[in-house]
Amino acid sequence: MEIAAQCDGIRGITTGFTDLDMHLGGWHKGDLCVIGARPAMGKTALLLHFAQSCGVPLGFISAEQPAYQIAQRHVSSIGKVNLSDLRQGKIGERETTAVISTSKKLDNYWIYDRSAPSVEDIVKVARRWKHKHDIQILMIDYVQRIQGAGRERHQQVGDVVRSLKTLARDLDIPVVALAQVSRQVEARENKRPGMGDLSDSSEIEKEADQIITMYRDE
């Protein structure tokens with residue numbers, strides 16, 4: 001996809017990709033957008049690119065990685081610093097300057113990194129961020145790691161996505177959430193996932209305003 005140079009002509013918050021902005025019109029207030037893919041397809045990297053492109057205060061829920069790793073990935077991407085070198089502290093003067101400069105761009109990011117949080121935790125944190133920092137978008141990595149009400153897993157996922165959709169409406173912000181795709185796609189000839197391949201997909205299909213699936217041959 002072509003990386004967007006500006007967000008002119010769209011009504012919502014830019015995704016950072018020109019063609020995706022043309023299809024969606026950016027991220028819209030009150031919408032729940034779910035992005036699904038199998039592991040190692042680059043879901044988190046894509047979500048971080050969306051975050052970097054927004055240009056507005058945002059909340060980031062990371063149920064999989066700690067906050068410092070999310071921040072490192074942001075700094076590495078924006079500052080063009082090798083992530084492995086950054087993690088090991090093997091950076092020179094140029095890289096140090098880039099890290100300091102790009103770290104300032106995280107001032108409008110608020111990250112919550114509790115492992116396997118409950119959906120009630122996320123709602124509470126997001127409401128606090130909206131009140132204190134006026135966040136304009138919420139990003140979540142990822143749906144199936146969030147704990148919801150119900151005994152069965154599909155009931156819990158249903159509770160999570162319903163709560164996220166309600167949160168988007170109540171706070172009048174877009175919520176962009178990652179989701180896992182069933183491993184059954186790997187057993188068929190055409191491995192490109194569709195909406196029905198999302199784990200516990202029926203509830204996600206009912207609540208999401210947009211569903212995007214990711215795939216790359218390599």
# chains A, B, ... in the order shown; residues from 1 in each chain; ligands from 1
>>> select_by_dssp(residues="chain A", states="strand (DSSP E or B)", output="NGL selection string")
:A and (3 or 13 or 17 or 27 or 32-37 or 58-62 or 109-112 or 118 or 137-141 or 147 or 175-181 or 198 or 210-213)
>>> write_last_selection(atoms="C-alpha atoms", output="compact mmCIF listing (two decimals), in the first residue's frame")
# COMPACT_ATOMS: atom_id res chain seq x y z
CA ILE A 3 1.98 5.50 2.43
CA ILE A 13 -8.29 10.20 11.21
CA PHE A 17 -2.10 4.62 3.78
CA TRP A 27 -10.88 6.07 11.11
CA LEU A 32 -15.00 -0.44 15.83
CA CYS A 33 -12.51 -1.71 13.25
CA VAL A 34 -11.07 -5.22 13.65
CA ILE A 35 -7.89 -6.30 11.85
CA GLY A 36 -7.35 -10.04 11.68
CA ALA A 37 -4.38 -12.20 10.68
CA LEU A 58 -4.14 8.13 21.37
CA GLY A 59 -4.46 5.26 23.79
CA PHE A 60 -2.70 1.96 23.13
CA ILE A 61 -3.71 -1.24 24.91
CA SER A 62 -0.99 -3.89 24.67
CA TYR A 109 0.74 8.23 23.54
CA TRP A 110 -0.71 6.52 26.59
CA ILE A 111 0.07 2.82 26.84
CA TYR A 112 -1.58 0.23 29.09
CA SER A 118 -10.34 -7.69 31.56
CA ILE A 137 -8.47 7.03 19.05
CA LEU A 138 -7.93 3.75 20.94
CA MET A 139 -5.82 0.88 19.58
CA ILE A 140 -5.85 -2.63 21.01
CA ASP A 141 -3.45 -5.58 20.63
CA GLN A 147 -10.89 -11.38 29.34
CA VAL A 175 -11.44 1.82 18.31
CA VAL A 176 -9.02 -0.23 16.19
CA ALA A 177 -8.42 -3.76 17.49
CA LEU A 178 -6.28 -6.65 16.31
CA ALA A 179 -7.65 -10.19 16.29
CA GLN A 180 -6.30 -13.67 15.69
CA VAL A 181 -7.36 -15.75 12.69
CA LEU A 198 -11.55 -14.81 12.64
CA GLN A 210 -15.10 -2.67 9.47
CA ILE A 211 -13.11 -5.90 9.31
CA ILE A 212 -9.72 -6.01 7.58
CA THR A 213 -7.72 -9.21 7.12
>>> select_by_dssp(residues="stretch 24-212 of chain A", states="helix (DSSP H, G or I)", output="ChimeraX atom specification")
/A:24,43-54,67-79,83-88,93-106,119-133,143-145,153-171,183-187,195-197,201-207
>>> closest_residue(among="A:Leu47, A:Ala168, A:Ile204, A:Ile70", to="A:His154", atoms="only C-alpha atoms")
A:Ile204
>>> residues_around(residues="A:Glu207", least_positions_apart="5", cutoff="7 Å", atoms="only C-alpha atoms", output="list in words")
Val161, Arg162 and Lys165 of chain A
>>> atom_distance(atom1="atom CA of A:Thr44", atom2="atom CA of A:Gln65")
9.7 Å
>>> closest_residue(among="A:Asn108, A:Glu203, A:Lys43, A:His74", to="A:Arg153", atoms="only C-alpha atoms")
A:Glu203
>>> atom_distance(atom1="atom CA of A:His23", atom2="atom CA of A:Leu164")
22.6 Å
>>> residues_around(residues="A:Leu167", least_positions_apart="6", cutoff="9 Å", atoms="only C-alpha atoms", output="list in words")
Gly30, Val123, Ala126, Arg127, Ile173 and Val175 of chain A
>>> closest_residue(among="A:Glu152, A:Asp31, A:Asp172, A:Asp19", to="A:Asp134", atoms="only C-alpha atoms")
A:Asp172
>>> decode(residues="stretch 154-170 of chain A", atoms="all heavy atoms", output="mmCIF file, in the first residue's frame")
data_model
loop_
_atom_site.group_PDB
_atom_site.id
_atom_site.type_symbol
_atom_site.label_atom_id
_atom_site.label_comp_id
_atom_site.auth_asym_id
_atom_site.auth_seq_id
_atom_site.Cartn_x
_atom_site.Cartn_y
_atom_site.Cartn_z
ATOM 1 N N HIS A 154 -16.133 -18.226 23.088
ATOM 2 C CA HIS A 154 -16.876 -17.395 22.148
ATOM 3 C C HIS A 154 -17.773 -16.409 22.883
ATOM 4 O O HIS A 154 -18.021 -15.301 22.399
ATOM 5 C CB HIS A 154 -17.698 -18.251 21.180
ATOM 6 C CG HIS A 154 -18.893 -18.903 21.806
ATOM 7 N ND1 HIS A 154 -18.825 -20.108 22.475
ATOM 8 C CD2 HIS A 154 -20.198 -18.508 21.879
ATOM 9 C CE1 HIS A 154 -20.018 -20.433 22.914
ATOM 10 N NE2 HIS A 154 -20.875 -19.477 22.568
ATOM 11 N N GLN A 155 -18.249 -16.790 24.081
ATOM 12 C CA GLN A 155 -19.047 -15.861 24.879
ATOM 13 C C GLN A 155 -18.184 -14.714 25.396
ATOM 14 O O GLN A 155 -18.617 -13.553 25.410
ATOM 15 C CB GLN A 155 -19.684 -16.605 26.059
ATOM 16 C CG GLN A 155 -20.716 -17.642 25.660
ATOM 17 C CD GLN A 155 -21.220 -18.450 26.852
ATOM 18 O OE1 GLN A 155 -20.496 -18.662 27.834
ATOM 19 N NE2 GLN A 155 -22.457 -18.904 26.770
ATOM 20 N N GLN A 156 -16.959 -15.030 25.807
ATOM 21 C CA GLN A 156 -16.046 -13.993 26.291
ATOM 22 C C GLN A 156 -15.672 -13.020 25.170
ATOM 23 O O GLN A 156 -15.681 -11.804 25.375
ATOM 24 C CB GLN A 156 -14.792 -14.638 26.873
ATOM 25 C CG GLN A 156 -15.040 -15.450 28.127
ATOM 26 C CD GLN A 156 -13.753 -15.954 28.749
ATOM 27 O OE1 GLN A 156 -12.700 -15.324 28.624
ATOM 28 N NE2 GLN A 156 -13.809 -17.089 29.423
ATOM 29 N N VAL A 157 -15.357 -13.561 23.982
ATOM 30 C CA VAL A 157 -15.012 -12.696 22.853
ATOM 31 C C VAL A 157 -16.206 -11.827 22.489
ATOM 32 O O VAL A 157 -16.056 -10.631 22.188
ATOM 33 C CB VAL A 157 -14.553 -13.532 21.641
ATOM 34 C CG1 VAL A 157 -14.411 -12.650 20.397
ATOM 35 C CG2 VAL A 157 -13.222 -14.222 21.947
ATOM 36 N N GLY A 158 -17.406 -12.406 22.527
ATOM 37 C CA GLY A 158 -18.606 -11.628 22.248
ATOM 38 C C GLY A 158 -18.779 -10.480 23.223
ATOM 39 O O GLY A 158 -19.116 -9.355 22.823
ATOM 40 N N ASP A 159 -18.537 -10.746 24.500
ATOM 41 C CA ASP A 159 -18.635 -9.687 25.508
ATOM 42 C C ASP A 159 -17.589 -8.601 25.272
ATOM 43 O O ASP A 159 -17.870 -7.405 25.408
ATOM 44 C CB ASP A 159 -18.458 -10.293 26.908
ATOM 45 C CG ASP A 159 -18.536 -9.244 28.008
ATOM 46 O OD1 ASP A 159 -19.558 -8.526 28.081
ATOM 47 O OD2 ASP A 159 -17.582 -9.129 28.802
ATOM 48 N N VAL A 160 -16.385 -9.007 24.868
ATOM 49 C CA VAL A 160 -15.306 -8.047 24.620
ATOM 50 C C VAL A 160 -15.655 -7.129 23.457
ATOM 51 O O VAL A 160 -15.568 -5.902 23.577
ATOM 52 C CB VAL A 160 -13.974 -8.781 24.345
ATOM 53 C CG1 VAL A 160 -12.919 -7.811 23.810
ATOM 54 C CG2 VAL A 160 -13.467 -9.455 25.615
ATOM 55 N N VAL A 161 -16.052 -7.689 22.322
ATOM 56 C CA VAL A 161 -16.300 -6.847 21.145
ATOM 57 C C VAL A 161 -17.532 -5.961 21.340
ATOM 58 O O VAL A 161 -17.564 -4.821 20.874
ATOM 59 C CB VAL A 161 -16.414 -7.677 19.848
ATOM 60 C CG1 VAL A 161 -15.079 -8.310 19.504
ATOM 61 C CG2 VAL A 161 -17.501 -8.722 19.935
ATOM 62 N N ARG A 162 -18.535 -6.465 22.043
ATOM 63 C CA ARG A 162 -19.700 -5.615 22.338
ATOM 64 C C ARG A 162 -19.295 -4.442 23.223
ATOM 65 O O ARG A 162 -19.732 -3.303 23.002
ATOM 66 C CB ARG A 162 -20.800 -6.437 23.016
ATOM 67 C CG ARG A 162 -21.589 -7.320 22.077
ATOM 68 C CD ARG A 162 -22.829 -7.887 22.757
ATOM 69 N NE ARG A 162 -22.486 -8.734 23.897
ATOM 70 C CZ ARG A 162 -22.248 -10.037 23.807
ATOM 71 N NH1 ARG A 162 -22.301 -10.644 22.617
ATOM 72 N NH2 ARG A 162 -21.953 -10.748 24.883
ATOM 73 N N SER A 163 -18.454 -4.719 24.202
ATOM 74 C CA SER A 163 -17.993 -3.657 25.102
ATOM 75 C C SER A 163 -17.136 -2.637 24.361
ATOM 76 O O SER A 163 -17.229 -1.436 24.616
ATOM 77 C CB SER A 163 -17.204 -4.255 26.271
ATOM 78 O OG SER A 163 -18.019 -5.114 27.046
ATOM 79 N N LEU A 164 -16.297 -3.117 23.441
ATOM 80 C CA LEU A 164 -15.444 -2.202 22.676
ATOM 81 C C LEU A 164 -16.275 -1.327 21.751
ATOM 82 O O LEU A 164 -15.993 -0.134 21.579
ATOM 83 C CB LEU A 164 -14.400 -2.981 21.874
ATOM 84 C CG LEU A 164 -13.350 -3.736 22.688
ATOM 85 C CD1 LEU A 164 -12.381 -4.453 21.765
ATOM 86 C CD2 LEU A 164 -12.591 -2.796 23.623
ATOM 87 N N LYS A 165 -17.306 -1.913 21.141
ATOM 88 C CA LYS A 165 -18.184 -1.118 20.279
ATOM 89 C C LYS A 165 -18.937 -0.070 21.102
ATOM 90 O O LYS A 165 -19.049 1.096 20.686
ATOM 91 C CB LYS A 165 -19.175 -2.026 19.551
ATOM 92 C CG LYS A 165 -20.230 -1.288 18.729
ATOM 93 C CD LYS A 165 -19.600 -0.360 17.693
ATOM 94 C CE LYS A 165 -20.677 0.405 16.927
ATOM 95 N NZ LYS A 165 -20.104 1.382 15.967
ATOM 96 N N THR A 166 -19.417 -0.455 22.261
ATOM 97 C CA THR A 166 -20.106 0.496 23.139
ATOM 98 C C THR A 166 -19.158 1.601 23.577
ATOM 99 O O THR A 166 -19.533 2.773 23.631
ATOM 100 C CB THR A 166 -20.662 -0.232 24.374
ATOM 101 O OG1 THR A 166 -21.604 -1.225 23.945
ATOM 102 C CG2 THR A 166 -21.358 0.740 25.317
ATOM 103 N N LEU A 167 -17.903 1.230 23.872
ATOM 104 C CA LEU A 167 -16.898 2.206 24.287
ATOM 105 C C LEU A 167 -16.642 3.221 23.168
ATOM 106 O O LEU A 167 -16.542 4.428 23.424
ATOM 107 C CB LEU A 167 -15.601 1.487 24.653
ATOM 108 C CG LEU A 167 -14.452 2.358 25.168
ATOM 109 C CD1 LEU A 167 -14.817 3.018 26.493
ATOM 110 C CD2 LEU A 167 -13.192 1.510 25.338
ATOM 111 N N ALA A 168 -16.541 2.737 21.936
ATOM 112 C CA ALA A 168 -16.326 3.636 20.802
ATOM 113 C C ALA A 168 -17.466 4.638 20.685
ATOM 114 O O ALA A 168 -17.238 5.836 20.452
ATOM 115 C CB ALA A 168 -16.195 2.826 19.503
ATOM 116 N N ARG A 169 -18.692 4.166 20.866
ATOM 117 C CA ARG A 169 -19.851 5.062 20.782
ATOM 118 C C ARG A 169 -19.886 6.044 21.950
ATOM 119 O O ARG A 169 -20.132 7.244 21.764
ATOM 120 C CB ARG A 169 -21.137 4.230 20.774
ATOM 121 C CG ARG A 169 -21.375 3.421 19.511
ATOM 122 C CD ARG A 169 -21.744 4.306 18.334
ATOM 123 N NE ARG A 169 -22.920 5.119 18.609
ATOM 124 C CZ ARG A 169 -24.178 4.689 18.424
ATOM 125 N NH1 ARG A 169 -24.404 3.467 17.959
ATOM 126 N NH2 ARG A 169 -25.196 5.492 18.683
ATOM 127 N N ASP A 170 -19.638 5.544 23.156
ATOM 128 C CA ASP A 170 -19.730 6.392 24.346
ATOM 129 C C ASP A 170 -18.668 7.490 24.359
ATOM 130 O O ASP A 170 -18.948 8.628 24.754
ATOM 131 C CB ASP A 170 -19.603 5.544 25.616
ATOM 132 C CG ASP A 170 -20.842 4.696 25.881
ATOM 133 O OD1 ASP A 170 -21.862 4.902 25.193
ATOM 134 O OD2 ASP A 170 -20.783 3.820 26.769
#
